[in-house]
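K.L.:
Shown below is the structure under consideration.
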Amino acid sequence: MGEAMRQHWLLLGACGWVLLILMFVSKLISFRAVDDYGDRVGGHSGTVPGTRVAEKTVLKPSNQPSAVPTVSDWQSVNEKRIELQSAVCKNSSLRNLTHVSISKFVLDRIFVCDKHKILFCQTPKVGNTQWKKVLIVLNGAFSTVEEIPESLVHDHEKNGLSRLSSLTPQEITHRLSTYFKFFIVRDPFERLISAFKDKFVRNPRFEPWYKHDIAPAIIRKYRKSHRPSDLAASGLHFEDFVRYLGDVEGRRRMDRQFGERIIHWVTYADLCAPCEIDYNVVGHHETLEQDAPYILKAAGIDQLVSYPAIPPGITRYNRTKVEHYFSGISKRDIRRLYARYQGDFQLFGYPRPDFLLN
């Protein structure tokens with residue numbers, strides 16, 4: 001009897017340990033959740049060299065509605081977003097942060113689907129790969145988004161997606177005034193974290209210049225003290241990245257050197273000129289599960305193509321991650337960074353990150 005009781009308690013104890021381990025693994029996976037659709041869930045954690053983890057972190061509740069909205073609900077949300085954007089565009093104190101000319105740089109960002117009269121402005125690190133797939137299907141090269149090879153999506157010589165910059169001024173004006181136009185945004189600071197992780201931590205093999213050219217240049221200019229080995233290893237810290245982005249004059253000089261390879265952290269205003277172009281829809285990454293189907297419907301293509309499946313939790317705003325990356329970075333540098341992206345925060349209704357600034 002005693003031996004049976006001992007085995008019973010040992011079994012209960014083992015079950016308890018298994019439950020604790022499962023809870024720990026679950027939390028770890030949650031923190032490591034990817035924020036780009038093409039990445040593998042549970043992949044690189046994006047550890048930030050030279051920063052410490054905040055002692056207390058709080059996960060901000062998802063901004064996504066608990067119930068699926070009706071079409072009229074979604075239209076109301078979109079109208080409010082457009083109204084807010086229009087009001088901010090009229091704010092003279094923010095003019096330098098919100099108004100840009102419709103230059104070739106902007107026209108290069110806008111993909112054209114003449115067959116269905118759609119213009120899509122790409123905003124890197126906001127799930128643009130999936131929208132490119134949608135346009136490729138609409139062009140007729142593939143029947144579904146699942147058939148499209150990942151290597152083809154970003155091969156602009158072969159994917160069949162034309163840009164607005166390839167057209168004549170008259171053709172551009174006609175399309176801007178008559179086509180359905182949209183783009184997608186996400187919390188500006190989360191987008192910067194995504195860009196840093198993708199280009200300097202993971203760094204795809206086909207884009208070696210981020211580690212070999214851009215990272216060393218930023219380290220030399222913005223790290224107070226560095227060794228030659230730092231440059232050789234391209235060990236860019238998020239703190240270096242933040243200092244570079246917040247330095248108005250120095251960054252502009254460096255950006256001219258980097259060229260269009262820096263579009264992954266250019267502001268939404270500079271990419272898509274929302275104060276100059278009247279977009280029909282501005283979708284939000286945080287509510288993409290609701291926005292994507294209604295964008296397809298508003299564009300009149302919901303019977304022709306479906307938006308790719310969205311992995312659970314991938315669009316949720318993760319305050320824990322943001323606090324982790326910005327821990328150890330000076331308030332001065334964070335405030336300078338916010339000053340650069342303030343236009344994006346206000347244009348699209350993202351709250352000022354006081355938990356980082358104050």
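We name chains A, B, ... following the order of the structure tokens; residues begin at 1 in each chain, and ligands are numbered from 1 as shown.
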Name the residues in contact with Val145 (chain A) at a cut-off of 10 Å, using only C-alpha atoms, excluding same-chain residues fewer than 4 positions from it; report them as a list in words.

P.N.:
Gln130, Trp131, Lys132, Lys133, Val134, Leu135, Ile136, Val137, Leu138, Pro149, Val305, Ser306, Tyr307, Pro308 and Ala309 of chain A

K.L.:
With the cut-off set at 9 Å and counting only C-alpha atoms, tabulate each residue of region 283-342 of chain A with an atom at most that distance from an atom of region 158-182 of chain A, showing the nearest atom pair and its distance in Å to one decimal, ordered by chain and increasing number, as a Markdown table.

P.N.:
| residue | atom | partner | partner_atom | distance |
| --- | --- | --- | --- | --- |
| A:Gly283 | CA | A:Phe182 | CA | 7.5 |
| A:Ile295 | CA | A:Phe182 | CA | 8.2 |
| A:Ala298 | CA | A:Phe180 | CA | 8.4 |
| A:Ala299 | CA | A:Phe180 | CA | 6.2 |

K.L.:
Find the residues near region 217-223 of chain A: any atom within 7 Å, counting only C-alpha atoms, skip ones fewer than 5 places away on the same chain, and give them as a list in words.

P.N.:
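Close residues of region 217-223 of chain A: Leu236, Asp240, Arg243 and Tyr244 of chain A.
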
K.L.:
Could you check the closest approach to Glu83 (chain A) for each of A:Cys275, A:Leu304, A:Leu296, A:Ile310 and tell me which residue wins, using only C-alpha atoms?

P.N.:
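Among the listed residues, A:Cys275 lies closest to Glu83 (chain A).
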
K.L.:
Just asking: which residues within region 236-311 of chain A are helix (DSSP H, G or I) according to DSSP, as a ChimeraX atom specification?

P.N.:
/A:238-246,248-265,268-272,285-298

K.L.:
Please, what distance in Å, to one decimal, runs between CA of His324 (chain A) and CA of Glu289 (chain A)?

P.N.:
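Interatomic distance, CA of His324 (chain A) to CA of Glu289 (chain A): 26.1 Å.
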